Amino acid sequence: MKALCFCFQVHQALRLRQYRFFDIGNEHYYYDDYTNENIIRKLADTCYLPANAVLLDLLIALKGKFKISFSISGLALDQFELYAPEVIESFQKLATTGYVEFLSETDSHSLVSLKNKAEFIKQIETHSQRIEDLFGQKPQVFKNTELIYSDSIGETIAELGFHGILAEGAQHILKWKSPNYLYCNSISPKLKVLMRNCKFSNDIAWGFNFDGGLTTERFVANLNQLDEKEQIVNIFLNYETIGGYQSKETGIFDFLRYLPETVIRDSEFKFAKVSEIVSNYQAVSKIQIPVPIACVDKEQDLSPLLGNHIQNEALNKLYELNASIVKINDARLNKDWRFLQASDHFYFMCTKPFTNNNIHNNPFSSPYEAFINYMNILSDFKICLKEKDIPKITSTSES
Amino acid sequence: MKVLMFGWEFPPHISGGLGTACYGLTKGMSKIKELDIVFVVPKTYGDEEHNTIKLMGANNTKITQVKEQIEEFKQKHKYLEVSATLIPYNDPEKQYTFRSKDLTEKKRFLNISSEGKIDFSGNYGENLIEEIYKYAYVASAISLENDHDVIHAHDWLAYPAGIAAKDVSGKPLVIHVHATEFDRSDGSVNSKVFDLEKMGMDAADQIITVSNRTRQIVIDKYGQNPDKVTTVYNAVDSLNLQEKKETPKGVKEKIVTFLGRITFQKGPEYFVEAAYKVLPKSDNVRFVMAGSGDMLEKMIDRVAQLGIADKFHFTGFLRGKDVYKMFHLSDVYVMPSVSEPFGISALEAMQSNVPTIISKQSGVSEILNYVAKLDYWDIDAIADTIYGIISYDTLPIMFKECGRAEVDDLKWENSALNVYDVYKKAVEASNHLINAF
């Protein structure tokens, strides 16, 4: 049996407001509520709600022949709760069909996996709990921020009891190998690794822009051309592709509506949830990935996220604060701490040429502006931390 | 004595020190009874101060175009016909083309409005050379209509206007050098700008420089006769009380500030390296680099590379009130300019009671005593001095008190008197010349 696995990432950056040097120590609110609300409302109306409606119809009509997986970041959930609670309700409706799986993530859509194991585990646990509370299922498979994966990240995930993890089908790792098999972690072989099929995923993500672009028939024809032995095709997409990056006018909704039917009718492929792939298939071999890979741009590595001095400096200075955060454990500061970790802040500081930064609604005109703004906020955050820290020190010294 | 003065900008529409200096000087001169000044800029906006100075916008001057006159003018000012790229003095982020439609297309007339006026953008825009050229044309008309005894042109953008005015009236021309191309460029002098500057100096009867440092450049590099070059130092306007309003200081640490264009000329990299030396020694300090410029990104990158971005902040370009706000928050001001004709910002900092470190390579170092004067490249000495000022209380107290008194003594009225002396020399010499015939 051949399996086709659709997994959608749902995430939206929480944008920071313009924060000037003069604000440091005086203003402690960091977020651009107006823009954030606008973007979430717009995407709710053009993407999340209409796409969920189409999927719900399909799931009900096809009665188990169509299945789908979602990875919803904690920051997206936060913003839905604030600005568009009906989006969460519509995901809950999808969950009740039983044909939808929800994956585990880091709660803040952060880069913590590269920096701090304890905080990494904490964020995964927070997120899993939220997913269980909202959708009534405990995530079995993990998907890291921007599909960042390495052997040691996989090892941690295996320790936490997950059976599978998603990874980018990076060309420089796979080389002659195909992403269309199940692999396993090289340190903890019981953890299965699902590799993204970049070609099929990108065909959908970017294939609607021109005349004679992708159709369901063409998509299925491509599937049928795959080698007989290739068992699984993993299509991981940003959910905003549907109606967001690809607007309604491109025909993306029709594509979505008729794709399952065409696949079922014209190919040997059956739709599967990620955990079904993990439990139904054998890994063909270990895959060795000592240096982290990611799914951001064509280089399939960390270079768009941590490729220059300013990104590394900002991330280092952020995680230097981890110990004080754990020690102080203040509700408001913990919240800021979660929000400041989002990978988007670092992506906005990317200085690589030809990086498609504006599809993420980048509010900054230059990466350096993004850096200045972020560091100003971080300085204020540090001052707030210090202020909270003082009473505890004096009380211990008195006792 | 009637003075016809040509400048390029006037407060509040300024983008650097030039406008501030012109304003201060003209205001100082207005206190001298014998002087009657008309200050011409390419464009007036209507919100400038009119009380003490007669300000005239070239954009408000009606001109009549006679074909022969224009051709004659073009013939005389052929040197403006160029096509090159140029980096402007006050806005290094922009490059503009040194190109003019009116020049290259060989049109016989200039574009004018229905009221017979030429439109000026008044900034350092793309068609700078066209503006300079038109400005010079209008200047000759103004020269004809406004009786005067001496012509005074500020910086190279206004030199052609001064030359054109002199051509018409035959009155002596005084050129005021606020900066030279050697200060602006890091050795790669734009020969077109150099030519324009030299042309102005050659045509001038007297040259005023803002410091001896600049005077020496004018003599050495532009081959001017030392006898006709006089140094007149700038001063600073006394601080408006309103601008001193308190700003809450959000951070506890001492603040060390760099404020200026972030370009080669101002030496920002020496400030960053000095900060890197001070930070490991003191927990009680933050560094701020205020301003923007073509080296900003490089500086941010360097700060990140050194791993000091949590204690080193960038504010971007500050204007008006924010400049005073920044000074108010500062505990040390550092001006490590590689080449600074004068450096008014050091005076502004001292006026705001900020202990100040300046480079020996600045004109202002010639007249100040209560500042630390160091070589711009000596980052160890800069770091040392910063550390001393933020760590030992007596130093800042002395710098503040004595520095303030020193700056308060620098008055535009005095500079104005010195300029008046230069006028007298110029007029006398030209009268002498006329009498000789």
# chains A, B, ... in the order shown; residues from 1 in each chain; ligands from 1
call {"tool": "residues_around", "arguments": {"residues": "Asp47 of chain B", "least_positions_apart": "3", "cutoff": "9 Å", "atoms": "only C-alpha atoms", "output": "list in words"}}
result
Pro11, Pro12, Thr44 and His50 of chain B
call {"tool": "write_last_selection", "arguments": {"atoms": "C-alpha atoms", "output": "compact mmCIF listing (two decimals), in the first residue's frame"}}
result
# COMPACT_ATOMS: atom_id res chain seq x y z
CA PRO B 11 16.45 76.20 9.80
CA PRO B 12 14.13 74.51 10.35
CA THR B 44 11.90 79.00 1.31
CA HIS B 50 11.95 86.32 9.52
call {"tool": "residues_around", "arguments": {"residues": "segment 24-40 of chain A", "least_positions_apart": "2", "cutoff": "6 Å", "atoms": "only C-alpha atoms", "output": "ChimeraX atom specification"}}
result
/A:15-17,21-22,42-44,83,380 /B:250-251
call {"tool": "closest_atom_pairs", "arguments": {"of": "chain A", "to": "chain B", "cutoff": "8 Å", "atoms": "only C-alpha atoms", "output": "tab-separated table"}}
result
residue	atom	partner	partner_atom	distance
A:Arg20	CA	B:Thr315	CA	6.6
A:Phe21	CA	B:Thr315	CA	5.7
A:Phe22	CA	B:Gly250	CA	7.4
A:Asp23	CA	B:Gly250	CA	7.1
A:Ile24	CA	B:Gly250	CA	5.6
A:Gly25	CA	B:Gly250	CA	3.8
A:Asn26	CA	B:Gly250	CA	5.1
A:His309	CA	B:Gln305	CA	5.3
A:Ile310	CA	B:Ala304	CA	5.0
A:Asn312	CA	B:Ala304	CA	7.9
A:Glu313	CA	B:Ala304	CA	5.3
A:Ala314	CA	B:Ala309	CA	7.7
A:Lys317	CA	B:Asp310	CA	6.9
A:Tyr368	CA	B:Glu297	CA	6.5
A:Ile372	CA	B:Phe314	CA	6.3
A:Met375	CA	B:Asp310	CA	6.4
A:Asn376	CA	B:His313	CA	7.1
A:Leu378	CA	B:Asp310	CA	7.6
A:Ser379	CA	B:Asp310	CA	6.1
A:Ile383	CA	B:Val251	CA	7.8
call {"tool": "residues_around", "arguments": {"residues": "segment 233-235 of chain A", "least_positions_apart": "5", "cutoff": "7 Å", "atoms": "only C-alpha atoms", "output": "list in words"}}
result
Ala3, Leu4, Cys5, Phe6, Cys7, Asn180, Met195, Arg196, Asn197, Phe200 and Ser201 of chain A
call {"tool": "select_by_dssp", "arguments": {"residues": "segment 97-258 of chain A", "states": "strand (DSSP E)", "output": "PyMOL selection string"}}
result
chain A and resi 100-102+141-142+164-167+182-185+192-195+232-238
call {"tool": "residues_around", "arguments": {"residues": "Glu217 of chain A", "least_positions_apart": "3", "cutoff": "7 Å", "atoms": "only C-alpha atoms", "output": "ChimeraX atom specification"}}
result
/A:220-221,262
call {"tool": "atom_distance", "arguments": {"atom1": "atom CA of Pro139 of chain A", "atom2": "atom CA of Ser188 of chain A"}}
result
19.2 Å
call {"tool": "residues_around", "arguments": {"residues": "Gly213 of chain A", "least_positions_apart": "4", "cutoff": "12 Å", "atoms": "only C-alpha atoms", "output": "VMD selection string"}}
result
chain A and resid 203 to 209 217 to 219 250 to 252 255
call {"tool": "write_last_selection", "arguments": {"atoms": "C-alpha atoms", "output": "PDB file, in the first residue's frame"}}
result
ATOM      1  CA  ASP A 203       4.478  22.127  -6.691  1.00  0.00           C
ATOM      2  CA  ILE A 204       1.431  22.920  -4.614  1.00  0.00           C
ATOM      3  CA  ALA A 205       2.967  25.848  -2.752  1.00  0.00           C
ATOM      4  CA  TRP A 206       4.185  27.657  -5.866  1.00  0.00           C
ATOM      5  CA  GLY A 207       2.569  25.859  -8.807  1.00  0.00           C
ATOM      6  CA  PHE A 208      -0.470  28.065  -9.198  1.00  0.00           C
ATOM      7  CA  ASN A 209       1.171  31.241 -10.283  1.00  0.00           C
ATOM      8  CA  GLU A 217      -4.766  15.359 -12.828  1.00  0.00           C
ATOM      9  CA  ARG A 218      -1.227  16.508 -13.348  1.00  0.00           C
ATOM     10  CA  PHE A 219      -0.476  16.068  -9.662  1.00  0.00           C
ATOM     11  CA  THR A 250      -5.580  30.936  -8.429  1.00  0.00           C
ATOM     12  CA  GLY A 251      -8.045  28.069  -8.030  1.00  0.00           C
ATOM     13  CA  ILE A 252      -6.300  26.630  -4.988  1.00  0.00           C
ATOM     14  CA  PHE A 255      -7.604  22.027  -6.302  1.00  0.00           C
TER      15      PHE A 255
END
call {"tool": "residues_around", "arguments": {"residues": "Phe91 of chain A", "least_positions_apart": "6", "cutoff": "9 Å", "atoms": "only C-alpha atoms", "output": "list of chain:residue names"}}
result
A:Tyr48, A:Leu49, A:Asn52, A:Phe135
call {"tool": "residues_around", "arguments": {"residues": "Asp237 of chain B", "least_positions_apart": "4", "cutoff": "10 Å", "atoms": "only C-alpha atoms", "output": "PyMOL selection string"}}
result
chain B and resi 20-21+23-25+27-28+347-348+351+407-408+410-412
call {"tool": "atom_distance", "arguments": {"atom1": "atom CA of Gly320 of chain B", "atom2": "atom CA of Ile14 of chain B"}}
result
10.1 Å
call {"tool": "closest_residue", "arguments": {"among": "B:Phe6, B:Tyr233, B:Tyr376, B:Tyr324", "to": "Gly343 of chain B", "atoms": "only C-alpha atoms"}}
result
B:Tyr233
call {"tool": "atom_distance", "arguments": {"atom1": "atom CA of Ser362 of chain B", "atom2": "atom CA of Ile379 of chain B"}}
result
16.3 Å
call {"tool": "select_by_dssp", "arguments": {"residues": "segment 77-321 of chain A", "states": "helix (DSSP H, G or I)", "output": "PyMOL selection string"}}
result
chain A and resi 77-83+85-96+112-114+117-135+145-147+151-159+171-174+198-206+216-224+239-241+248-250+252-266+274-280+303-306+309-319
call {"tool": "decode", "arguments": {"residues": "segment 30-68 of chain B", "atoms": "C-alpha atoms", "output": "short mmCIF file (atom, residue, chain, number, x, y, z; two decimals), in the first residue's frame"}}
result
data_model
loop_
_atom_site.label_atom_id
_atom_site.label_comp_id
_atom_site.auth_asym_id
_atom_site.auth_seq_id
_atom_site.Cartn_x
_atom_site.Cartn_y
_atom_site.Cartn_z
CA SER B 30 22.16 91.01 12.52
CA LYS B 31 23.29 92.52 15.84
CA ILE B 32 25.93 94.58 14.03
CA LYS B 33 24.22 97.86 13.11
CA GLU B 34 26.40 98.59 10.10
CA LEU B 35 25.46 95.34 8.39
CA ASP B 36 22.38 94.84 6.29
CA ILE B 37 22.03 91.20 5.19
CA VAL B 38 19.91 89.47 2.59
CA PHE B 39 20.19 85.70 2.93
CA VAL B 40 19.30 83.72 -0.19
CA VAL B 41 18.47 79.99 -0.23
CA PRO B 42 17.16 77.93 -3.17
CA LYS B 43 13.82 77.41 -1.52
CA THR B 44 11.90 79.00 1.31
CA TYR B 45 9.05 77.18 2.99
CA GLY B 46 7.48 80.11 4.80
CA ASP B 47 8.03 78.86 8.33
CA GLU B 48 11.56 80.21 8.73
CA GLU B 49 12.40 82.93 11.19
CA HIS B 50 11.95 86.32 9.52
CA ASN B 51 12.35 88.69 12.45
CA THR B 52 16.05 89.24 12.43
CA ILE B 53 17.05 88.16 8.95
CA LYS B 54 15.84 89.05 5.52
CA LEU B 55 15.48 85.64 3.94
CA MET B 56 14.92 85.29 0.22
CA GLY B 57 14.04 82.12 -1.67
CA ALA B 58 15.35 81.70 -5.20
CA ASN B 59 12.11 79.87 -5.89
CA ASN B 60 10.24 83.12 -5.22
CA THR B 61 12.30 85.25 -7.51
CA LYS B 62 10.81 86.26 -10.79
CA ILE B 63 13.24 86.00 -13.64
CA THR B 64 13.03 87.19 -17.17
CA GLN B 65 14.61 84.99 -19.77
CA VAL B 66 16.37 86.60 -22.62
CA LYS B 67 17.88 84.15 -25.04
CA GLU B 68 21.14 86.01 -25.36
#
